[in-house]
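Student: What follows is a single structure, and I will ask about it in a moment.
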Amino acid sequence: MKKILITGLTSYTGSVIKERLSGNYVVERLSLRGDSWRSESFSGFDSVIHTAGLSHDSTKSSDKESLYSINSQLAFDAAMKAKNDGARQFVFMSSSIVYGKSAPIGKLKIITKNTPVNPESYYGDSKIKAEEALKKLESDDFRMCILRCPMIYGKGCKGNYPLLSKVAQTSPVFPKIHNQRSMLYAKNFSQFVKFMIDDETHGIFWPQNGEYSDTSKIVRMIAESHGKKIMLLPLCEVPLEILSHLTGLVDKAFGSLAYDMSLSEYTNDYRLYSLRSSINETES
């Protein structure tokens with residue numbers, strides 16, 4: 001039975017992965033806070049899944065030093081130790097934010113295999129710097145697997161999804177805006193990671209749900225899962241476009257950022273849940 005090490009004790013994605021892999025593999029988690037982990041041995045682990053790091057929502061744009069120290073250098077140090085101790089695979093959690101921010105409201109942004117990275121924040125750049133350093137460690141005996149995931153959501157998640165859920169459950173109305181976003185349900189994500197471990201694969205991957213998300217429709221689905229009706233108000237696009245010049249929150253909520261579906265195909269079907277079924281389970 002394979003032995004898997006997940007870095008980061010408080011990571012949501014780490015918890016999701018552990019829940020899925022436990023029973024199939026021997027799974028351990030390790031905190032990388034401080035320096036005591038450096039004296040631990042990674043020997044005997046087949047794969048190291050690196051989920052430790054600062055999240056986009058938990059950091060200030062001015063916290064540049066911490067972002068590069070933790071998201072870039074710490075990832076490299078963990079991978080170097082994994083390689084030196086004999087692990088065969090390193091799985092790194094990158095992000096779709098390496099391609100920059102969402103398109104302005106009313107515009108589409110579809111990422112293809114040929115779309116260049118274009119980080120517009122220290123967070124995004126810290127992920128790119130990590131990717132560049134990690135790729136140099138790859139060899140025939142040490143496979144590097146980089147996951148550029150879109151927003152991951154599910155029961156107990158943090159970030160934008162809980163805010164949408166709160167609005168859906170408390171507000172009688174919500175703007176009707178058509179946008180297109182890639183999202184990844186936690187259980188679809190963890191199934192994808194399992195396939196990465198099973199196949200000992202390497203490279204850059206762009207997992208996502210089997211259908212695009214629309215913010216207004218998601219809010220309505222959440223409301224419906226609670227037996228509640230919410231009215232979607234039309235003709236909100238122009239006022240929101242004006243408001244978007246004053247705050248980036250508008251484009252963050254209603255802008256578009258999506259992967260071309262062909263980027264996310266894999267030999268095994270990891271998309272166990274549809275968008276609606278994933279929302280129903282998250283809200284149950």
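In the structure tokens, chains take the letters A, B, ... in the order shown, each chain's residues start at 1, and ligands count up from 1 in the order shown.
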Could you give me, as CSV, every range 105-148 of chain A residue with an atom at most 6 Å from range 87-101 of chain A, plus its closest atom pair and distance in Å to one decimal, counting only C-alpha atoms, rows ordered by chain then number?

Tutor:
residue,atom,partner,partner_atom,distance
A:Val117,CA,A:Tyr99,CA,4.6
A:Asn118,CA,A:Tyr99,CA,4.6
A:Pro119,CA,A:Gly100,CA,4.6
A:Glu120,CA,A:Gly100,CA,5.1
A:Gly124,CA,A:Val98,CA,4.7
A:Lys127,CA,A:Ser94,CA,5.8
A:Asp141,CA,A:Arg88,CA,5.9
A:Phe142,CA,A:Arg88,CA,4.7
A:Arg143,CA,A:Gln89,CA,4.5
A:Met144,CA,A:Phe90,CA,5.1
A:Cys145,CA,A:Val91,CA,4.7
A:Ile146,CA,A:Phe92,CA,4.9
A:Leu147,CA,A:Met93,CA,5.3
A:Arg148,CA,A:Ser95,CA,4.2

Student: Keeping only C-alpha atoms, write the selected residues as a PDB file, in the first residue's frame.

Tutor:
ATOM      1  CA  VAL A 117       0.568  33.104 -17.291  1.00  0.00           C
ATOM      2  CA  ASN A 118       0.005  36.706 -16.270  1.00  0.00           C
ATOM      3  CA  PRO A 119      -0.049  37.072 -12.481  1.00  0.00           C
ATOM      4  CA  GLU A 120      -1.410  40.432 -11.373  1.00  0.00           C
ATOM      5  CA  GLY A 124      -0.192  34.761  -8.199  1.00  0.00           C
ATOM      6  CA  LYS A 127       2.775  30.503  -7.201  1.00  0.00           C
ATOM      7  CA  ASP A 141      12.887   9.283 -10.333  1.00  0.00           C
ATOM      8  CA  PHE A 142      11.058  12.353  -9.025  1.00  0.00           C
ATOM      9  CA  ARG A 143       7.837  13.369 -10.744  1.00  0.00           C
ATOM     10  CA  MET A 144       6.425  16.858 -10.366  1.00  0.00           C
ATOM     11  CA  CYS A 145       2.641  17.260 -10.553  1.00  0.00           C
ATOM     12  CA  ILE A 146       1.321  20.858 -10.611  1.00  0.00           C
ATOM     13  CA  LEU A 147      -2.410  21.509 -10.175  1.00  0.00           C
ATOM     14  CA  ARG A 148      -3.661  24.925 -11.338  1.00  0.00           C
TER      15      ARG A 148
END

Student: Please, which residues of range 26-221 of chain A, numbered as in this document, come out strand (DSSP E or B) from DSSP, as a PyMOL selection string?

Tutor: chain A and resi 26-30+47-50+89-93+110-111+139+142-147+151-153+173-175+181+183-185+203-205+213

Student: Please identify all polymer residues within 9 Å of Ser225 in chain A, counting only C-alpha atoms, omitting same-chain residues fewer than 5 positions from it, and present them as an mmCIF file with N, CA and C atoms, in the first residue's frame.

Tutor:
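In the end it all went to result10.cif:
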data_model
loop_
_atom_site.group_PDB
_atom_site.id
_atom_site.type_symbol
_atom_site.label_atom_id
_atom_site.label_comp_id
_atom_site.auth_asym_id
_atom_site.auth_seq_id
_atom_site.Cartn_x
_atom_site.Cartn_y
_atom_site.Cartn_z
ATOM 1 N N ARG A 220 -29.090 31.024 -6.929
ATOM 2 C CA ARG A 220 -30.444 30.473 -6.998
ATOM 3 C C ARG A 220 -30.459 28.994 -6.609
ATOM 4 N N ILE A 279 -23.755 21.307 -5.036
ATOM 5 C CA ILE A 279 -24.316 22.367 -4.203
ATOM 6 C C ILE A 279 -25.310 21.788 -3.188
ATOM 7 N N ASN A 280 -26.135 20.863 -3.651
ATOM 8 C CA ASN A 280 -27.078 20.228 -2.730
ATOM 9 C C ASN A 280 -26.357 19.537 -1.588
ATOM 10 N N GLU A 281 -25.262 18.842 -1.903
ATOM 11 C CA GLU A 281 -24.521 18.132 -0.849
ATOM 12 C C GLU A 281 -23.787 19.109 0.061
ATOM 13 N N GLU A 283 -24.711 22.126 0.824
ATOM 14 C CA GLU A 283 -25.674 22.857 1.645
ATOM 15 C C GLU A 283 -26.506 21.961 2.550
ATOM 16 N N SER A 284 -26.372 20.640 2.416
ATOM 17 C CA SER A 284 -27.180 19.726 3.223
ATOM 18 C C SER A 284 -26.802 19.793 4.691
#

Student: One decimal, in Å: what's the spacing between CA of Ala168 in chain A and CA of Phe189 in chain A?

Tutor: 24.3 Å

Student: Pick out the residues sitting within 7 Å of range 274-278 of chain A, and hand them over as a list in words; count only C-alpha atoms, and ignore anything fewer than 3 positions along from it in its own chain.

Tutor: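 What passes the distance filter is Tyr185, Gly210, Glu211, Met221, Glu281 and Thr282 of chain A.
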
Student: When distances are computed from only C-alpha atoms, which of A:Lys158, A:Arg271, A:His202, A:Arg181 shows the smallest separation from Lys252 in chain A?

Tutor: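 With only C-alpha atoms as the atom set, the closest residue is A:Arg181.
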
Student: Name the residues of range 126-178 of chain A that fall into helix (DSSP H, G or I) according to DSSP on the backbone, using the chain letters and numbers of this document, as a ChimeraX atom specification.

Tutor: /A:126-135,160-170

Student: Within 8 Å of Pro175 in chain A, counting only C-alpha atoms, which residues show up once you throw out same-chain ones fewer than 2 positions away? Write them as an MDAnalysis selection string, please.

Tutor: chainID A and resid 173 177 216 232:234 236

Student: Identify which of the residues A:Leu54, A:Ile218, A:Ala258, A:Leu32 lies closest to Tyr161 in chain A, counting only C-alpha atoms when measuring atom-to-atom distances.

Tutor: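 Answer, going by the shortest atom-to-atom distance: A:Ile218.
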
Student: Which one is closest to Arg29 in chain A: A:His50, A:Lys83, A:Lys194, A:His178? Count only C-alpha atoms.

Tutor: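 Residue with the minimum atom-to-atom distance to Arg29 in chain A: A:His50.
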
Student: So how far away is CA of Lys166 in chain A from CA of Ser102 in chain A, in Å?

Tutor: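 Going from CA of Ser102 in chain A over to CA of Lys166 in chain A, I get 22.3 Å.
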
Student: Do a neighbour search on Asn24 in chain A at 12 Å with only C-alpha atoms, toss out local chain neighbours closer than 3 positions, and write the hits as a PyMOL selection string.

Tutor: chain A and resi 1-4+17-21+27+191+194-195+197-198

Student: So that I can check the surroundings of Leu108 in chain A, please list as an mmCIF file with N, CA, C and O atoms, in the first residue's frame every protein, DNA and RNA residue that reaches within 9 Å of it, counting only C-alpha atoms and ignoring chain neighbours fewer than 5 positions away.

Tutor:
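result20.cif was written with the following content:
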data_model
loop_
_atom_site.group_PDB
_atom_site.id
_atom_site.type_symbol
_atom_site.label_atom_id
_atom_site.label_comp_id
_atom_site.auth_asym_id
_atom_site.auth_seq_id
_atom_site.Cartn_x
_atom_site.Cartn_y
_atom_site.Cartn_z
ATOM 1 N N SER A 102 -10.082 38.041 -12.876
ATOM 2 C CA SER A 102 -11.252 37.768 -13.715
ATOM 3 C C SER A 102 -11.398 38.858 -14.764
ATOM 4 O O SER A 102 -10.954 39.997 -14.579
ATOM 5 N N ALA A 103 -12.041 38.508 -15.868
ATOM 6 C CA ALA A 103 -12.357 39.514 -16.889
ATOM 7 C C ALA A 103 -13.361 40.504 -16.318
ATOM 8 O O ALA A 103 -14.143 40.160 -15.426
ATOM 9 N N ASN A 179 -22.285 35.209 -16.290
ATOM 10 C CA ASN A 179 -20.826 35.103 -16.378
ATOM 11 C C ASN A 179 -20.454 33.634 -16.492
ATOM 12 O O ASN A 179 -21.315 32.750 -16.459
ATOM 13 N N GLN A 180 -19.189 33.372 -16.640
ATOM 14 C CA GLN A 180 -18.728 32.000 -16.875
ATOM 15 C C GLN A 180 -17.462 31.771 -16.056
ATOM 16 O O GLN A 180 -16.451 32.427 -16.267
ATOM 17 N N GLY A 255 -17.338 38.695 -12.675
ATOM 18 C CA GLY A 255 -16.505 38.578 -13.857
ATOM 19 C C GLY A 255 -16.362 37.124 -14.280
ATOM 20 O O GLY A 255 -16.785 36.201 -13.585
ATOM 21 N N SER A 256 -15.758 36.922 -15.434
ATOM 22 C CA SER A 256 -15.581 35.568 -15.971
ATOM 23 C C SER A 256 -14.116 35.155 -15.935
ATOM 24 O O SER A 256 -13.218 35.957 -16.205
ATOM 25 N N LEU A 257 -13.882 33.893 -15.581
ATOM 26 C CA LEU A 257 -12.550 33.304 -15.603
ATOM 27 C C LEU A 257 -12.746 31.798 -15.711
ATOM 28 O O LEU A 257 -13.170 31.148 -14.759
ATOM 29 N N ALA A 258 -12.484 31.252 -16.902
ATOM 30 C CA ALA A 258 -12.810 29.840 -17.136
ATOM 31 C C ALA A 258 -11.729 29.160 -17.959
ATOM 32 O O ALA A 258 -11.108 29.771 -18.835
#
